[in-house]
Structure formats: C-alpha cells, structure tokens
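To start, the structure itself, in structure tokens.
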Amino acid sequence: MTAPRKIPMVSYLALDDGAAHLVGQRCTHCGAIFFDRRNGCASCGETDFAAAPLASDGTLLAFTIVHRAAPKVPVPYISAVVQLDGGGVIKANLVGVPSDPAAVDLGGRVHLTTFVAATDDDGNEAIGFGFTPAAAVEA
Amino acid sequence: MSSVWIAGAAMTAFGRHRDRDLIDLGAEAAMAAMRDAGVTIHDVGLLAVGNAYEASGMVAQRLLKQIGQTGIEAYNVFNACATGASAVRIAHLAIEAQQVDVALVVGAEQMGKMGMLGAANKARGDKQVFEPAGRFGAVIGTEGVLGTGLMPGVFAQAGTDYARQHGVTFEQFAKVAVKNHAHSVLNPLAQYRTKYSLDEIMSAEMIAYPNTVLMCCPTGDGAAALLLLSERRRAAMDPAQRARSVKIAASVLTTDPYTPTGHAQPDINTLTRDAARRAYELAGVGPDDLDLVELHDCFATAELLHYDNLGLCEPGGAGAFIDSGAPWRDGRLPVNVSGGLISKGHPIGATGVAGLYEVATHLRGEAGDRQVDGATVGLAHVIGLGSACGIHILERAALGS
C-alpha cells in the first residue's frame with residue numbers, strides 16, 4: 001500500500017509543494033484563459049493553447065450566501081466569483097468570512113487559500129481551494 | 001419580407017396539475033389556440049413543441065396522437081428556459097421562409113414538486129478512492145466546495161455583480177417580488193395569487209442571498225400555445241378574426257458570446273443585450289415605444305438586471321427604475337403584469353410561449369382585470385442558462401388592416 005497523498009480536487013489546481021496556485025489554459029493568440037480543454041478558442045477561434053500559472057490575488061466580483069443547497073452540502077456558505085490579477089476568472093467559496101452579507105467586502109481584494117475538502121478510504125486527501133479576504137492574510 | 005402573425009393564443013392555468021399529464025396539458029392549450037384562430041388540425045402545416053423534462057420523449061408526436069395525427073412535420077425543441085421561445089422561433093422561421101402558412105407552437109411541462117433544480121443530481125460524491133473524472137479532473141463533487149452552480153445562487157451572483165457596479169440593494173431586489181406577487185392577484189391563470197409586503201418578502205426563508213424563497217420562481221405544470229399564420233393566409237381570414245391577429249414584429253434568438261467571466265459565472269446580460277438590440281432594429285421600435293414587457297424573472301435579481309439589459313431604464317439605473325414604480329401595472333412601463341415567473345409560475349417548456357400569450361392578450365385588449373389599457377406594442381423575453389435568449393416584439397394589428 002502506498003502512502004496517502006494530497007490530490008488536487010480539480011486538475012486546474014497545482015499544489016506545488018505548498019505554493020498552491022491555479023493553472024489555466026491560455027490561448028496563445030488572444031490570451032483568453034480557460035480551465036478545461038478547448039479545440040478552438042471561445043474568444044478568437046484560434047487553436048493553440050499553453051498552460052499558464054495564474055495569480056493567487058484577485059478581486060471579488062460577485063457572491064451569494066447559499067442557505068438551501070444540494071443534499072450533503074453544508075450550509076450556509078459563501079459562493080464567490082473572483083477576477084484574478086493578470087487574467088482568469090474563477091468561482092470558489094469565500095472562506096473565513098461569516099455568512100452575513102455585511103461581512104462580505106464586495107469588490108474587495110481576496111487571496112487564494114487551500115484546505116482538505118475530503119479524505120478517501122486510503123487516507124488520500126482531496127485538496128480544495130477558496131478565497132479569503134486579503135486583509136486577513138496580511139494581518 | 002412578409003410578416004408572421006399570431007392568430008390564436010391560449011394557455012392553461014399554471015400550477016399543480018396532479019391528475020393530468022404533459023400531453024393533456026399541451027392538448028388543452030393546442031386545441032384552444034386553434035379554436036381561437038378558427039382553424040383545425042387539418043389546416044396546420046408544422047408543429048413545434050417546447051418541453052424540458054421529457055425532451056427525449058417525442059412529445060410533439062405524442063401530442064399529435066392526442067389532437068390529430070395528420071403526418072405533418074414536427075419538431076421537439078429544448079433550449080433550457082428559452083425552450084418555448086425557441087419553438088416559436090422555429091415556427092416563425094418556417095413561415096418566413098415560406099415553407100408553411102400555418103404553424104402550431106406548443107410549450108408544455110409537467111414538473112411536479114421536484115424541488116430545487118439540479119440539486120438531486122449534484123450532491124457531493126461518495127467515492128471511496130479518489131479518481132479524477134470529467135474535463136476538470138474532479139475527484140469529488142464541486143457543488144458547495146468551489147462555489148455554487150445551482151440556479152438560485154447563479155442568479156444571486158448575477159445580482160451582486162450588478163450591485164457591485166451600480167449600488168443596488170437587497171431591498172430594491174425584493175421590491176421586484178412585491179410587484180410581481182401583487183400583479184398575479186389579477187391573473188386567474190397564475191400559480192400563486194397572494195400579495196406580500198416588502199417586509200414579508202425580505203424576511204422569508206433565505207435561499208441564496210439576496211434571493212429569499214418569495215423571490216424565486218416555483219416549479220409547476222402548465223402549457224401554452226400559439227397558432228401562427230403567414231401574411232397571405234392572414235389576408236384570407238374572416239375580418240373579425242383578422243382584426244384580433246397580432247403581428248410578430250421581431251423574433252430573435254441568441255446564444256452567449258464569449259466574455260471573460262462567462263465560464264465561471266454564466267453571463268445573462270450580453271446575450272440579452274444582443275437580442276434586444278437586434279429585436280428593436282427588426283421591429284423599428286425602441287424601449288420607449290413599449291406598452292408592456294414580459295421578461296424572465298426566474299429570480300427577483302434577474303428582473304432588475306434585465307431592466308438595464310432591455311434598455312427599459314437608464315444605464316445602471318435599474319434600482320431607481322423599480323423605486324420609481326415605473327414597472328408596476330399602472331406605471332410608465334408595466335413589466336410582468338402576469339405575475340411573472342416568480343408568481344405566475346415557470347413550467348419550463350411553457351414559459352416562453354406563455355410570455356407571448358400574455359403580451360398578445362393585452363394587445364388584443366382581452367386581458368380582463370389586468371389589462372394594460374391601450375397597449376399596442378409589447379416585448380416578451382426569456383433566457384435559458386447555458387445559454388439562450390429569446391426576444392419577441394409584438395404589435396397590435398392596425399385598425400382596418
């Protein structure tokens with residue numbers, strides 16, 4: 001039996017020995033960023049892409065506080081849409097913030113963070129990611 | 001190009017029809033629309049049926065077996081919540097291309113109390129050993145871990161994105177639901193007909209902030225149908241029937257063009273703006289010419305955004321628009337006098353057809369207690385996530401034409 005591993009919960013999360021960051025597929029022609037495979041760029045139609053490490057800092061574009069969810073999903077939680085500095089828009093949870101609209105800094109600065117999202121029967125850990133207010137990181 | 005006309009329009013009550021199936025509902029609407037137009041199934045050259053939850057079940061053919069199996073060409077149409085409008089568009093295209101003179105469009109849905117859409121099959125996975133799966137290489141379900149993709153949250157996020165840019169508030173979103181619930185009191189075909197105060201709406205169970213349960217459309221059952229005619233077929237109509245016919249001045253369907261945010265958060269704005277621009281251009285009218293609008297208020301947040309997307313308010317001015325009372329039935333530009341999806345209901349396949357039914361009924365002056373007096377031009381809008389947007393602009397027949 002192999003030793004338990006840390007596995008990114010999605011392929012566009014690179015763990016990189018603790019320096020976790022997101023990786024996009026960047027169109028080499030127009031620079032549009034995707035998180036899955038494409039045959040032609042949705043923006044310009046060109047066909048060449050290259051893996052691009054993305055910034056871990058960004059801006060909170062939109063959020064919702066989910067109170068009624070799919071079965072087995074703990075509530076409440078904050079879903080967030082984040083514009084990463086230098087390109088890329090991603091959806092994840094806003095973590096470390098109370099589920100109160102007054103506590104959410106819409107348009108504010110956020111920073112990528114990771115956490116253990118689940119553990120399988122072999123002890124492998126699925127590593128998820130979310131965003132936390134940048135001020136909390138600096139403090 | 002010759003015009004396409006609505007000669008018959010009908011809908012069933014929306015709500016819970018436990019003792020009737022999809023075909024019963026579709027047949028009721030279809031028969032009523034044909035009767036309204038003074039035609040029979042023998043006159044119909046094409047059938048387009050919109051339905052979501054039995055989309056692979058040959059609903060159009062089952063409907064023909066119920067109302068008259070004449071062997072005509074028929075299409076089963078699905079385009080998420082724009083399904084009904086897409087069925088209208090197909091019939092419109094066929095008549096405009098002079099392939100047929102008479103087309104029947106039916107939108108029908110039997111949803112039952114299925115709960116929040118998408119929730120049942122998006123539960124977090126229970127895999128014993130992690131194996132990357134799908135195009136994102138996910139080892140566990142992402143819903144609730146990497147944000148939400150369910151409809152209440154998606155439309156809530158669309159709302160807070162607008163709030164970030166234009167400063168609208170929870171209260172302004174809630175006012176949309178106050179209006180639409182109040183409107184439906186006058187609509188005998190609405191699923192709900194209960195008026196709520198602003199406080200009741202805002203303090204109701206929170207589903208996905210800022211949408212409370214009273215700001216979310218329900219699931220439900222129902223059907224709507226339209227009988228469309230070519231210009232030449234309309235010319236041969238009985239004069240009294242002809243006077244009641246309603247012109248389709250624009251029929252537009254768009255998909256979502258690329259935007260940098262669209263893959264993370266569906267962009268409901270750009271394709272609506274594109275469709276509106278094209279529809280106004282085709283019809284030769286602008287937002288100021290509209291007497292009523294039925295737009296896609298699947299959630300209260302969405303309605304506010306579409307005021308802006310359809311050009312009903314000043315850019316960025318959706319909050320001020322609802323505050324002004326303009327979209328109320330007695331306001332400057334009534335929006336969702338039917339009660340909208342929030343209160344009239346949203347049986348998915350029927351919704352887009354029902355929007356045209358509502359506008360056409362006002363243009364005919366036959367909307368009873370909820371009639372918008374003197375209505376001559378109206379717009380019906382729907383959007384299906386994924387995405388598709390349908391916009392139709394309707395005009396009352398000119399007197400004596």
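Going through the structure tokens in order, the chains are called A, B, and so on, while each chain numbers its residues from 1 and the ligands are numbered from 1 in the order shown.
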Discussion item. Neighbouring residues of range 92-108 of chain A were defined as those with any atom within 9 Å, considering only C-alpha atoms; residues of the same chain fewer than 6 positions away were excluded. Please report them as JSON, numbers by chain.
Written reply: {"A": [58, 59, 60, 61, 62, 63, 64, 65, 66, 76, 77, 78, 79, 80, 81, 82, 129, 130, 131, 132, 133, 134, 136], "B": [144, 145, 146, 147, 148, 160, 161, 163, 164, 165, 209, 210]}
Worksheet item: Running DSSP on the backbone, which parts of range 86-153 of chain B land in helix (DSSP H, G or I), as number ranges by chain?
Response: B: 86-96, 151-153
Export of the given selection (all heavy atoms) as an mmCIF file, in the first residue's frame:
data_model
loop_
_atom_site.group_PDB
_atom_site.id
_atom_site.type_symbol
_atom_site.label_atom_id
_atom_site.label_comp_id
_atom_site.auth_asym_id
_atom_site.auth_seq_id
_atom_site.Cartn_x
_atom_site.Cartn_y
_atom_site.Cartn_z
ATOM 1 N N SER B 86 -37.882 29.332 -28.264
ATOM 2 C CA SER B 86 -37.159 28.689 -29.362
ATOM 3 C C SER B 86 -38.133 27.951 -30.275
ATOM 4 O O SER B 86 -37.956 27.930 -31.498
ATOM 5 C CB SER B 86 -36.111 27.721 -28.808
ATOM 6 O OG SER B 86 -35.201 28.411 -27.981
ATOM 7 N N ALA B 87 -39.164 27.351 -29.696
ATOM 8 C CA ALA B 87 -40.194 26.687 -30.505
ATOM 9 C C ALA B 87 -40.934 27.723 -31.356
ATOM 10 O O ALA B 87 -41.216 27.485 -32.536
ATOM 11 C CB ALA B 87 -41.161 25.924 -29.606
ATOM 12 N N VAL B 88 -41.234 28.872 -30.764
ATOM 13 C CA VAL B 88 -41.875 29.956 -31.528
ATOM 14 C C VAL B 88 -40.968 30.370 -32.685
ATOM 15 O O VAL B 88 -41.415 30.545 -33.827
ATOM 16 C CB VAL B 88 -42.162 31.189 -30.636
ATOM 17 C CG1 VAL B 88 -42.730 32.334 -31.481
ATOM 18 C CG2 VAL B 88 -43.123 30.832 -29.500
ATOM 19 N N ARG B 89 -39.690 30.496 -32.377
ATOM 20 C CA ARG B 89 -38.732 30.942 -33.397
ATOM 21 C C ARG B 89 -38.670 29.965 -34.565
ATOM 22 O O ARG B 89 -38.577 30.379 -35.733
ATOM 23 C CB ARG B 89 -37.352 31.122 -32.751
ATOM 24 C CG ARG B 89 -36.234 31.476 -33.702
ATOM 25 C CD ARG B 89 -36.467 32.800 -34.418
ATOM 26 N NE ARG B 89 -35.352 33.143 -35.298
ATOM 27 C CZ ARG B 89 -35.489 33.892 -36.393
ATOM 28 N NH1 ARG B 89 -36.665 34.384 -36.733
ATOM 29 N NH2 ARG B 89 -34.441 34.168 -37.132
ATOM 30 N N ILE B 90 -38.712 28.677 -34.292
ATOM 31 C CA ILE B 90 -38.663 27.670 -35.366
ATOM 32 C C ILE B 90 -39.883 27.798 -36.273
ATOM 33 O O ILE B 90 -39.769 27.788 -37.502
ATOM 34 C CB ILE B 90 -38.539 26.255 -34.763
ATOM 35 C CG1 ILE B 90 -37.109 26.053 -34.259
ATOM 36 C CG2 ILE B 90 -38.921 25.180 -35.792
ATOM 37 C CD1 ILE B 90 -36.895 24.807 -33.445
ATOM 38 N N ALA B 91 -41.058 27.956 -35.673
ATOM 39 C CA ALA B 91 -42.277 28.119 -36.471
ATOM 40 C C ALA B 91 -42.212 29.414 -37.280
ATOM 41 O O ALA B 91 -42.613 29.466 -38.448
ATOM 42 C CB ALA B 91 -43.495 28.115 -35.555
ATOM 43 N N HIS B 92 -41.670 30.446 -36.631
ATOM 44 C CA HIS B 92 -41.527 31.745 -37.305
ATOM 45 C C HIS B 92 -40.610 31.625 -38.524
ATOM 46 O O HIS B 92 -40.917 32.121 -39.610
ATOM 47 C CB HIS B 92 -40.975 32.769 -36.306
ATOM 48 C CG HIS B 92 -40.836 34.147 -36.845
ATOM 49 N ND1 HIS B 92 -39.700 34.578 -37.492
ATOM 50 C CD2 HIS B 92 -41.692 35.193 -36.855
ATOM 51 C CE1 HIS B 92 -39.869 35.838 -37.870
ATOM 52 N NE2 HIS B 92 -41.063 36.234 -37.493
ATOM 53 N N LEU B 93 -39.488 30.946 -38.340
ATOM 54 C CA LEU B 93 -38.543 30.746 -39.446
ATOM 55 C C LEU B 93 -39.205 30.010 -40.602
ATOM 56 O O LEU B 93 -39.013 30.365 -41.773
ATOM 57 C CB LEU B 93 -37.340 29.920 -38.966
ATOM 58 C CG LEU B 93 -36.243 30.629 -38.184
ATOM 59 C CD1 LEU B 93 -35.282 29.592 -37.608
ATOM 60 C CD2 LEU B 93 -35.498 31.618 -39.068
ATOM 61 N N ALA B 94 -39.979 28.983 -40.278
ATOM 62 C CA ALA B 94 -40.595 28.159 -41.324
ATOM 63 C C ALA B 94 -41.599 28.970 -42.131
ATOM 64 O O ALA B 94 -41.686 28.830 -43.358
ATOM 65 C CB ALA B 94 -41.271 26.935 -40.697
ATOM 66 N N ILE B 95 -42.364 29.833 -41.452
ATOM 67 C CA ILE B 95 -43.347 30.658 -42.167
ATOM 68 C C ILE B 95 -42.641 31.756 -42.960
ATOM 69 O O ILE B 95 -42.959 32.017 -44.117
ATOM 70 C CB ILE B 95 -44.384 31.256 -41.188
ATOM 71 C CG1 ILE B 95 -45.233 30.130 -40.601
ATOM 72 C CG2 ILE B 95 -45.264 32.287 -41.890
ATOM 73 C CD1 ILE B 95 -46.199 30.583 -39.517
ATOM 74 N N GLU B 96 -41.654 32.364 -42.329
ATOM 75 C CA GLU B 96 -40.914 33.433 -43.017
ATOM 76 C C GLU B 96 -40.227 32.892 -44.270
ATOM 77 O O GLU B 96 -40.128 33.584 -45.281
ATOM 78 C CB GLU B 96 -39.877 34.015 -42.047
ATOM 79 C CG GLU B 96 -39.403 35.389 -42.412
ATOM 80 C CD GLU B 96 -38.562 35.996 -41.303
ATOM 81 O OE1 GLU B 96 -37.615 35.331 -40.844
ATOM 82 O OE2 GLU B 96 -38.863 37.133 -40.890
ATOM 83 N N MET B 151 -29.242 27.219 -9.735
ATOM 84 C CA MET B 151 -29.859 28.433 -10.274
ATOM 85 C C MET B 151 -30.047 29.579 -9.264
ATOM 86 O O MET B 151 -29.739 30.730 -9.579
ATOM 87 C CB MET B 151 -31.192 28.092 -10.959
ATOM 88 C CG MET B 151 -31.024 27.276 -12.227
ATOM 89 S SD MET B 151 -30.024 28.094 -13.497
ATOM 90 C CE MET B 151 -28.518 27.158 -13.428
ATOM 91 N N PRO B 152 -30.535 29.313 -8.050
ATOM 92 C CA PRO B 152 -30.734 30.458 -7.146
ATOM 93 C C PRO B 152 -29.427 31.213 -6.887
ATOM 94 O O PRO B 152 -29.402 32.451 -6.854
ATOM 95 C CB PRO B 152 -31.260 29.811 -5.858
ATOM 96 C CG PRO B 152 -31.854 28.516 -6.296
ATOM 97 C CD PRO B 152 -31.008 28.051 -7.451
ATOM 98 N N GLY B 153 -28.344 30.460 -6.732
ATOM 99 C CA GLY B 153 -27.053 31.084 -6.469
ATOM 100 C C GLY B 153 -26.476 31.784 -7.683
ATOM 101 O O GLY B 153 -25.907 32.876 -7.582
#
Item to complete: Give the strand (DSSP E or B) residues of range 264-307 of chain B, as DSSP finds them on the backbone, and put them as number ranges by chain.
Response: B: 292-294, 299
Using all heavy atoms, can you export the residues from the last selection as a PDB file, in the first residue's frame?
ATOM      1  N   LEU B 292     -45.905  47.263 -22.735  1.00  0.00           N
ATOM      2  CA  LEU B 292     -45.715  46.285 -21.666  1.00  0.00           C
ATOM      3  C   LEU B 292     -44.590  45.328 -22.029  1.00  0.00           C
ATOM      4  O   LEU B 292     -44.271  45.157 -23.218  1.00  0.00           O
ATOM      5  CB  LEU B 292     -46.999  45.503 -21.358  1.00  0.00           C
ATOM      6  CG  LEU B 292     -47.416  44.352 -22.284  1.00  0.00           C
ATOM      7  CD1 LEU B 292     -48.316  43.381 -21.525  1.00  0.00           C
ATOM      8  CD2 LEU B 292     -48.143  44.892 -23.505  1.00  0.00           C
ATOM      9  N   VAL B 293     -44.000  44.738 -21.004  1.00  0.00           N
ATOM     10  CA  VAL B 293     -42.891  43.795 -21.174  1.00  0.00           C
ATOM     11  C   VAL B 293     -43.126  42.598 -20.254  1.00  0.00           C
ATOM     12  O   VAL B 293     -43.489  42.754 -19.087  1.00  0.00           O
ATOM     13  CB  VAL B 293     -41.541  44.465 -20.792  1.00  0.00           C
ATOM     14  CG1 VAL B 293     -40.418  43.439 -20.756  1.00  0.00           C
ATOM     15  CG2 VAL B 293     -41.206  45.588 -21.770  1.00  0.00           C
ATOM     16  N   GLU B 294     -42.968  41.399 -20.818  1.00  0.00           N
ATOM     17  CA  GLU B 294     -42.904  40.187 -20.005  1.00  0.00           C
ATOM     18  C   GLU B 294     -41.449  39.724 -20.097  1.00  0.00           C
ATOM     19  O   GLU B 294     -40.979  39.358 -21.180  1.00  0.00           O
ATOM     20  CB  GLU B 294     -43.850  39.113 -20.557  1.00  0.00           C
ATOM     21  CG  GLU B 294     -45.313  39.392 -20.314  1.00  0.00           C
ATOM     22  CD  GLU B 294     -45.733  39.164 -18.862  1.00  0.00           C
ATOM     23  OE1 GLU B 294     -45.488  38.063 -18.329  1.00  0.00           O
ATOM     24  OE2 GLU B 294     -46.303  40.103 -18.260  1.00  0.00           O
ATOM     25  N   PHE B 299     -35.667  34.766 -10.989  1.00  0.00           N
ATOM     26  CA  PHE B 299     -35.366  35.239  -9.635  1.00  0.00           C
ATOM     27  C   PHE B 299     -35.479  36.758  -9.669  1.00  0.00           C
ATOM     28  O   PHE B 299     -35.253  37.372 -10.708  1.00  0.00           O
ATOM     29  CB  PHE B 299     -33.956  34.798  -9.204  1.00  0.00           C
ATOM     30  CG  PHE B 299     -33.819  33.303  -9.183  1.00  0.00           C
ATOM     31  CD1 PHE B 299     -33.402  32.610 -10.309  1.00  0.00           C
ATOM     32  CD2 PHE B 299     -34.173  32.574  -8.053  1.00  0.00           C
ATOM     33  CE1 PHE B 299     -33.340  31.218 -10.318  1.00  0.00           C
ATOM     34  CE2 PHE B 299     -34.113  31.189  -8.048  1.00  0.00           C
ATOM     35  CZ  PHE B 299     -33.696  30.514  -9.182  1.00  0.00           C
TER      36      PHE B 299
END
Practice prompt. Considering only C-alpha atoms, state which residue in the set A:Pro71, A:Leu84, A:Gly40, A:Arg109 is at the smallest distance from chain B.
Written response: A:Pro71
Worksheet item: Using only C-alpha atoms, which residues sit within 10 Å of Ala174 in chain B once same-chain residues fewer than 3 positions away are excluded, as an MDAnalysis selection string?
Response: chainID B and resid 169:171 177:179 197:202 210:212 214:215 299:301 304 322
Output C-alpha atoms for every residue in that selection, as a CSV table (one decimal), in the first residue's frame.
chain,number,residue,atom,x,y,z
B,169,THR,CA,-29.7,46.9,-2.6
B,170,PHE,CA,-31.3,43.8,-1.2
B,171,GLU,CA,-34.5,46.0,-0.7
B,177,ALA,CA,-41.1,40.4,-6.0
B,178,VAL,CA,-43.5,42.7,-4.2
B,179,LYS,CA,-44.6,43.9,-7.6
B,197,SER,CA,-45.4,43.1,1.8
B,198,LEU,CA,-41.8,44.2,1.4
B,199,ASP,CA,-41.1,43.0,4.9
B,200,GLU,CA,-42.6,39.6,4.3
B,201,ILE,CA,-40.6,39.1,1.2
B,202,MET,CA,-37.3,40.2,2.8
B,210,PRO,CA,-30.2,38.1,-1.8
B,211,ASN,CA,-33.0,35.9,-3.1
B,212,THR,CA,-35.5,34.7,-0.5
B,214,LEU,CA,-40.6,34.6,-2.3
B,215,MET,CA,-38.1,36.0,-4.8
B,299,PHE,CA,-35.4,35.2,-9.6
B,300,ALA,CA,-36.0,38.8,-8.5
B,301,THR,CA,-32.3,39.7,-9.0
B,304,LEU,CA,-33.7,44.1,-12.1
B,322,ILE,CA,-38.1,49.9,-9.6
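We find CA of Ile383 in chain B and CA of Ala82 in chain B to be spaced 5.1 Å apart.
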Worksheet entry | Near-range 137-139 of chain B list (12 Å; only C-alpha atoms; drop same-chain fewer than 6 positions) as an MDAnalysis selection string | (chainID A and resid 6:13 35:37 117:120 124:128) or (chainID B and resid 124:131 145:146)
